[in-house]
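data-v9.txt (compact mmCIF, C-alpha atoms) appears below.
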# COMPACT_ATOMS: atom_id res chain seq x y z
CA MET J 1 37.65 18.46 21.32
CA PRO J 2 40.31 15.83 22.01
CA ARG J 3 43.85 17.17 22.04
CA VAL J 4 47.10 15.79 20.67
CA ILE J 5 50.69 17.03 20.87
CA GLU J 6 52.40 17.31 17.47
CA PHE J 7 55.47 18.94 15.95
CA ASP J 8 56.23 19.95 12.36
CA ARG J 9 59.98 20.55 12.65
CA PHE J 10 62.82 19.38 14.83
CA GLY J 11 64.05 21.61 17.61
CA GLY J 12 63.65 22.53 21.25
CA PRO J 13 60.56 22.28 23.46
CA GLU J 14 59.01 25.23 21.66
CA VAL J 15 58.24 23.11 18.57
CA LEU J 16 55.62 21.10 20.49
CA GLN J 17 52.07 22.18 19.68
CA VAL J 18 48.77 21.33 21.43
CA ARG J 19 46.22 20.74 18.66
CA ASP J 20 42.62 19.63 18.33
CA ALA J 21 42.10 16.14 16.95
CA ASP J 22 39.27 13.86 15.93
CA LEU J 23 38.18 11.18 18.37
CA PRO J 24 39.85 7.99 17.06
CA ASP J 25 37.76 4.85 16.51
CA PRO J 26 39.29 1.52 17.57
CA ALA J 27 39.86 -1.04 14.82
CA ASP J 28 39.25 -4.77 15.18
CA GLY J 29 41.18 -6.08 18.18
CA GLU J 30 41.84 -2.58 19.53
CA VAL J 31 40.46 -0.46 22.33
CA ARG J 32 40.33 3.28 22.70
CA VAL J 33 42.04 4.52 25.85
CA ARG J 34 41.24 7.86 27.48
CA ILE J 35 44.69 8.97 28.61
CA GLU J 36 44.87 10.27 32.16
CA ALA J 37 48.64 10.85 32.30
CA PHE J 38 51.80 10.13 30.34
CA ALA J 39 55.49 10.31 31.20
CA ILE J 40 58.31 12.00 29.32
CA ASN J 41 61.31 9.87 28.37
CA PRO J 42 64.73 10.61 26.83
CA LEU J 43 63.58 8.90 23.63
CA ASP J 44 60.87 11.58 23.29
CA VAL J 45 63.48 14.32 23.52
CA MET J 46 65.67 12.59 20.93
CA ALA J 47 62.72 12.30 18.53
CA ARG J 48 61.68 15.92 19.03
CA SER J 49 65.21 17.19 18.40
CA GLY J 50 65.88 15.02 15.33
CA GLN J 51 68.32 12.64 17.05
CA ALA J 52 66.15 9.53 17.31
CA PRO J 53 67.68 6.21 16.20
CA ALA J 54 64.75 5.67 13.80
CA PRO J 55 63.45 8.20 11.23
CA VAL J 56 60.67 10.52 12.44
CA PRO J 57 58.46 11.64 9.53
CA LEU J 58 57.37 15.28 9.51
CA PRO J 59 55.05 17.15 9.68
CA ARG J 60 52.49 16.27 12.38
CA ALA J 61 54.84 13.91 14.21
CA ARG J 62 53.80 12.66 17.64
CA LEU J 63 55.59 11.54 20.79
CA GLY J 64 55.02 9.22 23.72
CA VAL J 65 55.83 5.60 24.55
CA GLU J 66 54.15 5.16 27.94
CA ALA J 67 50.93 6.25 29.59
CA THR J 68 48.04 5.18 31.76
CA GLY J 69 44.33 5.67 31.32
CA VAL J 70 40.91 4.06 31.17
CA VAL J 71 39.40 1.92 28.42
CA ASP J 72 36.86 4.16 26.67
CA ALA J 73 35.59 2.07 23.74
CA LEU J 74 36.01 -1.46 22.36
CA GLY J 75 36.77 -2.49 18.80
CA ALA J 76 35.19 -5.50 17.16
CA GLY J 77 36.27 -8.83 18.58
CA VAL J 78 37.43 -7.51 21.95
CA SER J 79 35.93 -9.49 24.82
CA ALA J 80 38.68 -9.69 27.46
CA MET J 81 38.51 -5.99 28.34
CA HIS J 82 35.68 -3.71 29.41
CA VAL J 83 34.91 -0.02 29.21
CA GLY J 84 36.17 1.59 32.41
CA ASP J 85 39.12 -0.79 32.94
CA PRO J 86 42.20 1.13 34.18
CA VAL J 87 45.22 0.14 32.08
CA ILE J 88 48.89 0.81 31.41
CA ILE J 89 50.09 1.06 27.82
CA ALA J 90 52.99 -1.35 27.55
CA ALA J 91 54.52 -0.64 24.14
CA VAL J 92 54.24 2.01 21.43
CA PRO J 93 56.72 1.08 18.68
CA ASP J 94 55.24 3.65 16.25
CA ALA J 95 55.17 6.68 18.55
CA ALA J 96 55.67 9.15 15.69
CA ALA J 97 52.22 8.16 14.39
CA HIS J 98 50.39 6.92 17.50
CA GLY J 99 52.25 8.39 20.47
CA THR J 100 50.66 8.73 23.89
CA TYR J 101 50.92 12.54 24.13
CA ALA J 102 47.16 12.85 23.57
CA ASP J 103 43.75 12.74 25.23
CA TYR J 104 42.80 9.50 23.42
CA VAL J 105 44.72 6.74 21.66
CA THR J 106 43.72 3.45 20.07
CA VAL J 107 45.82 0.46 21.11
CA PRO J 108 45.85 -3.28 20.32
CA THR J 109 44.78 -5.21 23.40
CA ASP J 110 48.08 -7.12 23.58
CA ARG J 111 49.86 -3.82 24.32
CA LEU J 112 47.84 -3.18 27.46
CA LEU J 113 48.09 -4.50 31.00
CA PRO J 114 45.93 -3.92 34.07
CA ARG J 115 46.94 -0.96 36.20
CA PRO J 116 48.11 -2.14 39.63
CA PRO J 117 45.78 -0.61 42.24
CA GLN J 118 48.76 0.19 44.47
CA LEU J 119 49.96 2.84 41.99
CA ASP J 120 48.29 6.21 41.66
CA VAL J 121 47.78 7.71 38.21
CA PRO J 122 51.12 9.60 37.95
CA GLU J 123 53.04 6.55 39.22
CA ALA J 124 51.26 4.27 36.76
CA ALA J 125 52.08 6.69 33.92
CA ALA J 126 55.77 6.58 34.82
CA VAL J 127 56.39 2.96 35.78
CA TRP J 128 56.44 0.93 32.58
CA VAL J 129 59.43 2.11 30.52
CA ALA J 130 61.80 2.17 33.49
CA TYR J 131 60.57 -1.05 35.04
CA SER J 132 60.32 -3.06 31.80
CA THR J 133 63.81 -1.98 30.75
CA ALA J 134 65.24 -3.02 34.11
CA TYR J 135 63.33 -6.31 34.13
CA GLY J 136 64.14 -7.16 30.52
CA ALA J 137 67.83 -6.46 30.98
CA LEU J 138 68.34 -8.09 34.38
CA VAL J 139 65.85 -10.97 34.39
CA GLU J 140 65.16 -11.92 30.78
CA THR J 141 68.63 -11.15 29.39
CA ALA J 142 71.09 -11.62 32.28
CA GLY J 143 69.10 -14.27 34.18
CA MET J 144 69.52 -12.50 37.53
CA ARG J 145 69.06 -14.75 40.56
CA ALA J 146 68.90 -14.32 44.32
CA GLY J 147 72.36 -13.72 45.74
CA ASP J 148 73.82 -12.15 42.60
CA GLN J 149 75.99 -9.07 43.03
CA VAL J 150 74.55 -6.58 40.54
CA VAL J 151 76.25 -3.32 39.56
CA ILE J 152 73.81 -0.66 38.28
CA THR J 153 75.13 2.58 36.79
CA ALA J 154 73.12 5.84 36.64
CA ALA J 155 71.29 4.36 39.60
CA SER J 156 69.57 7.59 40.59
CA GLY J 157 67.81 7.80 37.21
CA ALA J 158 64.41 6.29 36.52
CA VAL J 159 65.66 3.02 34.99
CA GLY J 160 68.49 2.73 37.49
CA ARG J 161 66.19 3.21 40.44
CA ALA J 162 63.77 0.60 39.04
CA ALA J 163 66.71 -1.79 38.59
CA VAL J 164 67.79 -1.26 42.20
CA GLN J 165 64.27 -1.95 43.48
CA LEU J 166 63.82 -4.97 41.22
CA ALA J 167 67.17 -6.51 42.20
CA ASP J 168 66.50 -5.98 45.88
CA TYR J 169 63.02 -7.53 45.62
CA SER J 170 64.49 -10.53 43.77
CA GLY J 171 66.98 -11.25 46.55
CA ALA J 172 70.02 -10.01 44.61
CA HIS J 173 72.46 -7.45 46.03
CA PRO J 174 72.25 -4.19 44.04
CA ILE J 175 75.43 -2.10 43.96
CA ALA J 176 74.20 1.34 42.95
CA ILE J 177 76.65 3.60 41.08
CA THR J 178 76.08 7.35 41.21
CA ARG J 179 78.23 10.35 40.41
CA SER J 180 77.11 12.24 43.51
CA THR J 181 77.54 11.41 47.18
CA ALA J 182 74.45 13.54 47.85
CA LYS J 183 72.26 10.84 46.24
CA SER J 184 73.62 7.97 48.35
CA GLU J 185 70.99 7.97 51.09
CA SER J 186 68.10 8.08 48.61
CA LEU J 187 69.54 5.04 46.83
CA ARG J 188 69.91 3.14 50.09
CA ARG J 189 66.25 3.83 50.86
CA ALA J 190 65.37 2.52 47.39
CA GLY J 191 66.99 -0.81 48.26
CA ALA J 192 70.66 -0.54 47.30
CA ALA J 193 72.83 -2.91 49.34
CA VAL J 194 75.87 -0.78 48.48
CA VAL J 195 76.22 2.71 47.02
CA VAL J 196 79.39 3.75 45.20
CA ALA J 197 79.63 7.51 44.60
CA THR J 198 82.29 8.15 41.96
CA ASP J 199 82.87 11.69 43.18
CA ALA J 200 84.42 10.10 46.27
CA GLU J 201 85.56 6.59 45.25
CA ASP J 202 87.17 4.73 42.37
CA LEU J 203 84.46 2.55 40.86
CA VAL J 204 86.54 -0.56 40.12
CA ALA J 205 88.31 -0.56 43.50
CA ALA J 206 85.09 0.09 45.41
CA VAL J 207 83.21 -2.76 43.72
CA ALA J 208 86.14 -5.13 44.25
CA ARG J 209 86.27 -4.23 47.94
CA ARG J 210 82.54 -4.73 48.43
CA THR J 211 82.49 -8.08 46.60
CA GLU J 212 85.56 -9.44 48.42
CA GLY J 213 87.61 -9.17 45.27
CA ARG J 214 85.33 -11.28 43.08
CA GLY J 215 83.62 -8.52 41.10
CA ALA J 216 79.96 -8.25 40.12
CA ASP J 217 78.04 -11.18 38.67
CA ILE J 218 75.97 -8.83 36.52
CA ALA J 219 76.54 -5.21 35.51
CA LEU J 220 73.80 -3.08 33.96
CA ASP J 221 75.33 -0.05 32.28
CA LEU J 222 72.82 2.70 31.57
CA VAL J 223 75.40 5.34 30.59
CA GLY J 224 77.59 4.07 27.74
CA GLY J 225 80.66 5.93 26.52
CA PRO J 226 84.27 5.33 27.63
CA GLY J 227 83.18 4.40 31.17
CA VAL J 228 82.08 0.98 29.89
CA ASP J 229 85.64 -0.26 30.33
CA ASP J 230 85.56 0.45 34.08
CA ILE J 231 82.21 -1.33 34.41
CA ALA J 232 83.66 -4.36 32.62
CA ARG J 233 86.69 -4.42 34.95
CA ALA J 234 84.31 -4.30 37.93
CA THR J 235 82.56 -7.45 36.65
CA ARG J 236 83.91 -10.91 37.47
CA PRO J 237 85.35 -13.10 34.70
CA GLY J 238 82.44 -14.81 33.00
CA GLY J 239 79.94 -12.32 34.43
CA SER J 240 77.39 -10.49 32.30
CA LEU J 241 77.70 -6.87 31.19
CA ILE J 242 74.42 -5.54 29.78
CA LEU J 243 74.74 -2.36 27.71
CA ALA J 244 71.41 -0.54 27.80
CA GLY J 245 72.26 3.15 27.98
CA PHE J 246 73.12 6.11 25.78
CA LEU J 247 73.47 8.96 28.29
CA ASP J 248 77.11 9.41 27.23
CA PRO J 249 77.14 9.85 23.43
CA ARG J 250 80.90 9.24 23.12
CA PRO J 251 82.04 5.93 21.58
CA ALA J 252 82.17 3.00 23.97
CA PRO J 253 85.32 0.89 23.64
CA LEU J 254 84.99 -2.88 23.39
CA PRO J 255 86.04 -4.06 26.86
CA TYR J 256 89.10 -6.31 27.16
CA ALA J 257 87.82 -7.86 30.39
CA PRO J 258 86.64 -11.51 30.02
CA VAL J 259 82.92 -10.83 30.44
CA THR J 260 79.81 -11.81 28.49
CA LEU J 261 78.80 -8.63 26.68
CA ARG J 262 75.19 -8.10 25.60
CA ARG J 263 73.38 -5.10 24.17
CA TYR J 264 69.80 -4.59 25.29
CA ARG J 265 66.91 -3.00 23.39
CA SER J 266 63.65 -2.83 25.31
CA PHE J 267 61.38 -3.38 22.28
CA ASP J 268 62.95 -6.83 21.87
CA HIS J 269 60.85 -7.81 24.88
CA THR J 270 57.99 -5.31 25.15
CA LEU J 271 56.67 -6.37 21.73
CA ASP J 272 56.67 -10.04 22.77
CA PRO J 273 53.29 -10.79 24.42
CA ILE J 274 54.67 -13.82 26.26
CA VAL J 275 57.44 -11.79 27.89
CA VAL J 276 55.06 -8.91 28.59
CA ARG J 277 52.82 -11.36 30.45
CA ARG J 278 55.76 -12.36 32.65
CA MET J 279 56.65 -8.70 33.16
CA ALA J 280 53.06 -7.88 34.13
CA SER J 281 52.93 -10.71 36.68
CA PHE J 282 56.18 -9.60 38.27
CA LEU J 283 55.09 -5.95 38.28
CA ASP J 284 51.82 -6.87 39.98
CA ALA J 285 53.58 -8.90 42.68
CA ALA J 286 56.27 -6.28 43.29
CA THR J 287 53.80 -3.41 43.57
CA ARG J 288 51.55 -5.41 45.88
CA ALA J 289 54.58 -5.97 48.12
CA GLY J 290 55.38 -2.26 48.04
CA ALA J 291 58.79 -3.03 46.52
CA LEU J 292 58.45 -1.11 43.26
CA ARG J 293 57.46 2.56 43.18
CA PRO J 294 58.63 5.12 40.62
CA ARG J 295 59.82 8.48 41.87
CA ILE J 296 57.82 11.39 40.43
CA GLU J 297 59.75 14.62 40.33
CA ARG J 298 57.12 16.94 38.90
CA ILE J 299 53.69 16.92 37.25
CA PHE J 300 52.65 19.31 34.46
CA PRO J 301 49.28 19.80 32.71
CA ILE J 302 49.20 18.97 29.01
CA ASP J 303 48.92 22.61 27.96
CA ARG J 304 52.37 23.16 29.49
CA ILE J 305 54.05 20.38 27.51
CA ALA J 306 56.88 22.67 26.37
CA ASP J 307 57.63 23.58 29.99
CA ALA J 308 57.67 19.88 30.89
CA HIS J 309 60.23 19.13 28.18
CA ALA J 310 62.32 22.14 29.20
CA HIS J 311 62.30 20.94 32.79
CA LEU J 312 63.56 17.51 31.78
CA ALA J 313 66.52 19.10 30.02
CA SER J 314 67.36 21.53 32.80
CA ALA J 315 69.85 21.09 35.61
CA ARG J 316 66.92 21.02 38.04
CA HIS J 317 66.05 17.49 36.97
CA GLN J 318 67.14 15.09 39.72
CA GLY J 319 66.36 11.67 38.31
CA GLY J 320 62.61 11.29 38.97
CA LYS J 321 60.09 11.05 36.16
CA ILE J 322 58.30 14.03 34.64
CA VAL J 323 54.58 13.28 34.24
CA VAL J 324 51.98 15.17 32.20
CA THR J 325 48.28 14.97 33.02
CA THR J 326 45.46 15.45 30.52

Would you mind writing the structure in this file as structure tokens?
Amino acid sequence: MPRVIEFDRFGGPEVLQVRDADLPDPADGEVRVRIEAFAINPLDVMARSGQAPAPVPLPRARLGVEATGVVDALGAGVSAMHVGDPVIIAAVPDAAAHGTYADYVTVPTDRLLPRPPQLDVPEAAAVWVAYSTAYGALVETAGMRAGDQVVITAASGAVGRAAVQLADYSGAHPIAITRSTAKSESLRRAGAAVVVATDAEDLVAAVARRTEGRGADIALDLVGGPGVDDIARATRPGGSLILAGFLDPRPAPLPYAPVTLRRYRSFDHTLDPIVVRRMASFLDAATRAGALRPRIERIFPIDRIADAHAHLASARHQGGKIVVTT
């Protein structure tokens, strides 16, 4: 029988249960997707532990906001897709009810995009959330252009790495911020023009030195917390500071630096079919050029979902995506 991951109470990885489920039938305008792999994201962990920004109804709550698979059945009125088409699921706003941690899901066709042939199944499962967040923040929100100096915090993480690759491909100059010198070479290989390791350098002084005193045109902060003030001071007057992270749960002070401050939420764009079409076109071009590839740290089978979540939370996690195969 088809399987689905559910949980009846909030807690650690042990609350996740693999259960049998009925095969879902697609409604009008939907397709059924046979999931081949899905990725684990911090939002999944927050939902599982009862810390999600939106309420998660119990029992039988589900998880999962990105996945890849193959179209398995068509609902009434669907003509633009065919059984057997490989796809990426681009948005799951109601993950608690229809999350991708499953063998099969039904999805409206406007939440699907073709899977780039340059990506293998684990890469395709892990690319969308990181890439769409980076694209939405840098391109759609900040209007990044070739030549821009772009500061990216938490650059060794999945979204940060995607942002570095995207900025480099666009002709901008990504300045990757990491806490560890040991990650510098990996970030340079990913496309960073400059790497600032805060265990060895002061962030504000290092960015000023590498931008000839001007500061960054755009800063993408994926951390939050008190460090936002330093990121603002590393941004030039009139530059854009995009707040898109919550890795540091401490309050973030309102920066005094004269920058344009914007908060970014990915669903503002991933639920807009026009923007998703632009994202899909850019993703296709970047993957064809070999410029955008997610880093996969480890792959788990679905029956080891608790181990996969435990691995994400452990100190062994080094910034690549955790992928689960069905």

message = I want to know what sits within 7 Å of stretch 308-314 of chain J, based on all atoms listed in the file, with residues of the same chain fewer than 5 positions away left out; could you give that as a PyMOL selection string?
response = chain J and resi 13+300+322

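Among the candidate residues J:Leu74, J:Asp284, J:Ile35, J:Gly11, the one lying nearest to J:Gly50 is J:Gly11, with distances computed using only C-alpha atoms.
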
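For the atom pair formed by atom CA of J:Gln51 and atom CA of J:Thr133, the distance is 20.5 Å, given to one decimal.
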
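Of the listed residues (J:Phe38, J:Phe282, J:Tyr135, J:Tyr169), J:Phe38 comes nearest to J:Val121; the distances count all atoms listed in the file.
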
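Across the structure, atom CA of J:Val45 and atom CA of J:Arg111 are spaced 22.7 Å apart.
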
Per residue of stretch 177-296 of chain J within 9 Å of stretch 89-99 of chain J, note the shortest atom pair and the distance in Å to one decimal, counting only C-alpha atoms, and order the rows by chain and increasing residue number, as JSON lines.
{"residue": "J:Phe267", "atom": "CA", "partner": "J:Pro93", "partner_atom": "CA", "distance": 7.4}
{"residue": "J:Thr270", "atom": "CA", "partner": "J:Ala91", "partner_atom": "CA", "distance": 5.9}
{"residue": "J:Leu271", "atom": "CA", "partner": "J:Ala91", "partner_atom": "CA", "distance": 6.6}
{"residue": "J:Val276", "atom": "CA", "partner": "J:Ala90", "partner_atom": "CA", "distance": 7.9}

request  = Determine, counting only C-alpha atoms, which protein, DNA and RNA residues have an atom within 8 Å of an atom of J:Arg179; residues of the same chain fewer than 3 positions away are not included. Present the result as a ChimeraX atom specification.
outcome  = /J:154,197-199

note = The distance between atom CA of J:Leu16 and atom CA of J:Ser132 is 27.1 Å

Env of J:Ala167: 10 Å cut, atoms = all atoms listed in the file, seq-sep filter 2 positions within chain, self excluded. Answer as a tab-separated table (two decimals) with C-alpha atoms, in the coordinates of the input.
chain	number	residue	atom	x	y	z
J	134	ALA	CA	65.24	-3.02	34.11
J	135	TYR	CA	63.33	-6.31	34.13
J	138	LEU	CA	68.34	-8.09	34.38
J	139	VAL	CA	65.85	-10.97	34.39
J	144	MET	CA	69.52	-12.50	37.53
J	145	ARG	CA	69.06	-14.75	40.56
J	146	ALA	CA	68.90	-14.32	44.32
J	147	GLY	CA	72.36	-13.72	45.74
J	148	ASP	CA	73.82	-12.15	42.60
J	149	GLN	CA	75.99	-9.07	43.03
J	150	VAL	CA	74.55	-6.58	40.54
J	151	VAL	CA	76.25	-3.32	39.56
J	152	ILE	CA	73.81	-0.66	38.28
J	161	ARG	CA	66.19	3.21	40.44
J	162	ALA	CA	63.77	0.60	39.04
J	163	ALA	CA	66.71	-1.79	38.59
J	164	VAL	CA	67.79	-1.26	42.20
J	165	GLN	CA	64.27	-1.95	43.48
J	169	TYR	CA	63.02	-7.53	45.62
J	170	SER	CA	64.49	-10.53	43.77
J	171	GLY	CA	66.98	-11.25	46.55
J	172	ALA	CA	70.02	-10.01	44.61
J	173	HIS	CA	72.46	-7.45	46.03
J	174	PRO	CA	72.25	-4.19	44.04
J	175	ILE	CA	75.43	-2.10	43.96
J	191	GLY	CA	66.99	-0.81	48.26
J	192	ALA	CA	70.66	-0.54	47.30
J	193	ALA	CA	72.83	-2.91	49.34

Ref. answer, residues at most 9 Å from (61.5, 3.9, 36.7) with all atoms listed in the file, as a PyMOL selection string = chain J and resi 126-134+157-163+292-295+320-321

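Using all atoms listed in the file, the shortest contact distance between J:Asp221 and any of J:Pro253, J:Arg277, J:Ala80, J:Ala155 is found at J:Ala155.
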
So that I can check the surroundings of J:Ala124, please list as an mmCIF file with C-alpha atoms, keeping the file's coordinate frame every protein, DNA and RNA residue that reaches within 8 Å of it, counting only C-alpha atoms and ignoring chain neighbours fewer than 5 positions away.
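That gives us part11.cif:
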data_model
loop_
_atom_site.group_PDB
_atom_site.id
_atom_site.type_symbol
_atom_site.label_atom_id
_atom_site.label_comp_id
_atom_site.auth_asym_id
_atom_site.auth_seq_id
_atom_site.Cartn_x
_atom_site.Cartn_y
_atom_site.Cartn_z
ATOM 1 C CA ALA J 67 50.930 6.250 29.590
ATOM 2 C CA THR J 68 48.040 5.180 31.760
ATOM 3 C CA ILE J 88 48.890 0.810 31.410
ATOM 4 C CA ARG J 115 46.940 -0.960 36.200
ATOM 5 C CA PRO J 116 48.110 -2.140 39.630
ATOM 6 C CA LEU J 119 49.960 2.840 41.990
#

key: Residue with smallest distance to J:Arg278 - pool J:Leu187, J:Asp303, J:Arg233, J:Gly136, counting all atoms listed in the file   = J:Gly136

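Residues lying within 10 Å of J:Pro249, counting only C-alpha atoms and ignoring same-chain neighbours fewer than 4 positions away, are J:Val223, J:Gly224, J:Gly225, J:Pro226, J:Gly245.
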
Shortest interatomic distance to J:Gln17 - which of J:Pro42, J:Gly227, J:Gly29, J:Pro59, counting all atoms listed in the file = J:Pro59

message = Within 8 Å of (81.2, -3.2, 37.3) in the file's own coordinates, which protein, DNA or RNA residues have an atom, counting all atoms listed in the file? List them as a ChimeraX atom specification.
response = /J:151-152,203-204,207,215-216,218-219,230-235,241

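Proximity to J:Ala27 was assessed for J:Pro86, J:Thr106, J:Ile299, J:Gly69 counting all atoms listed in the file; the smallest distance is recorded for J:Thr106.
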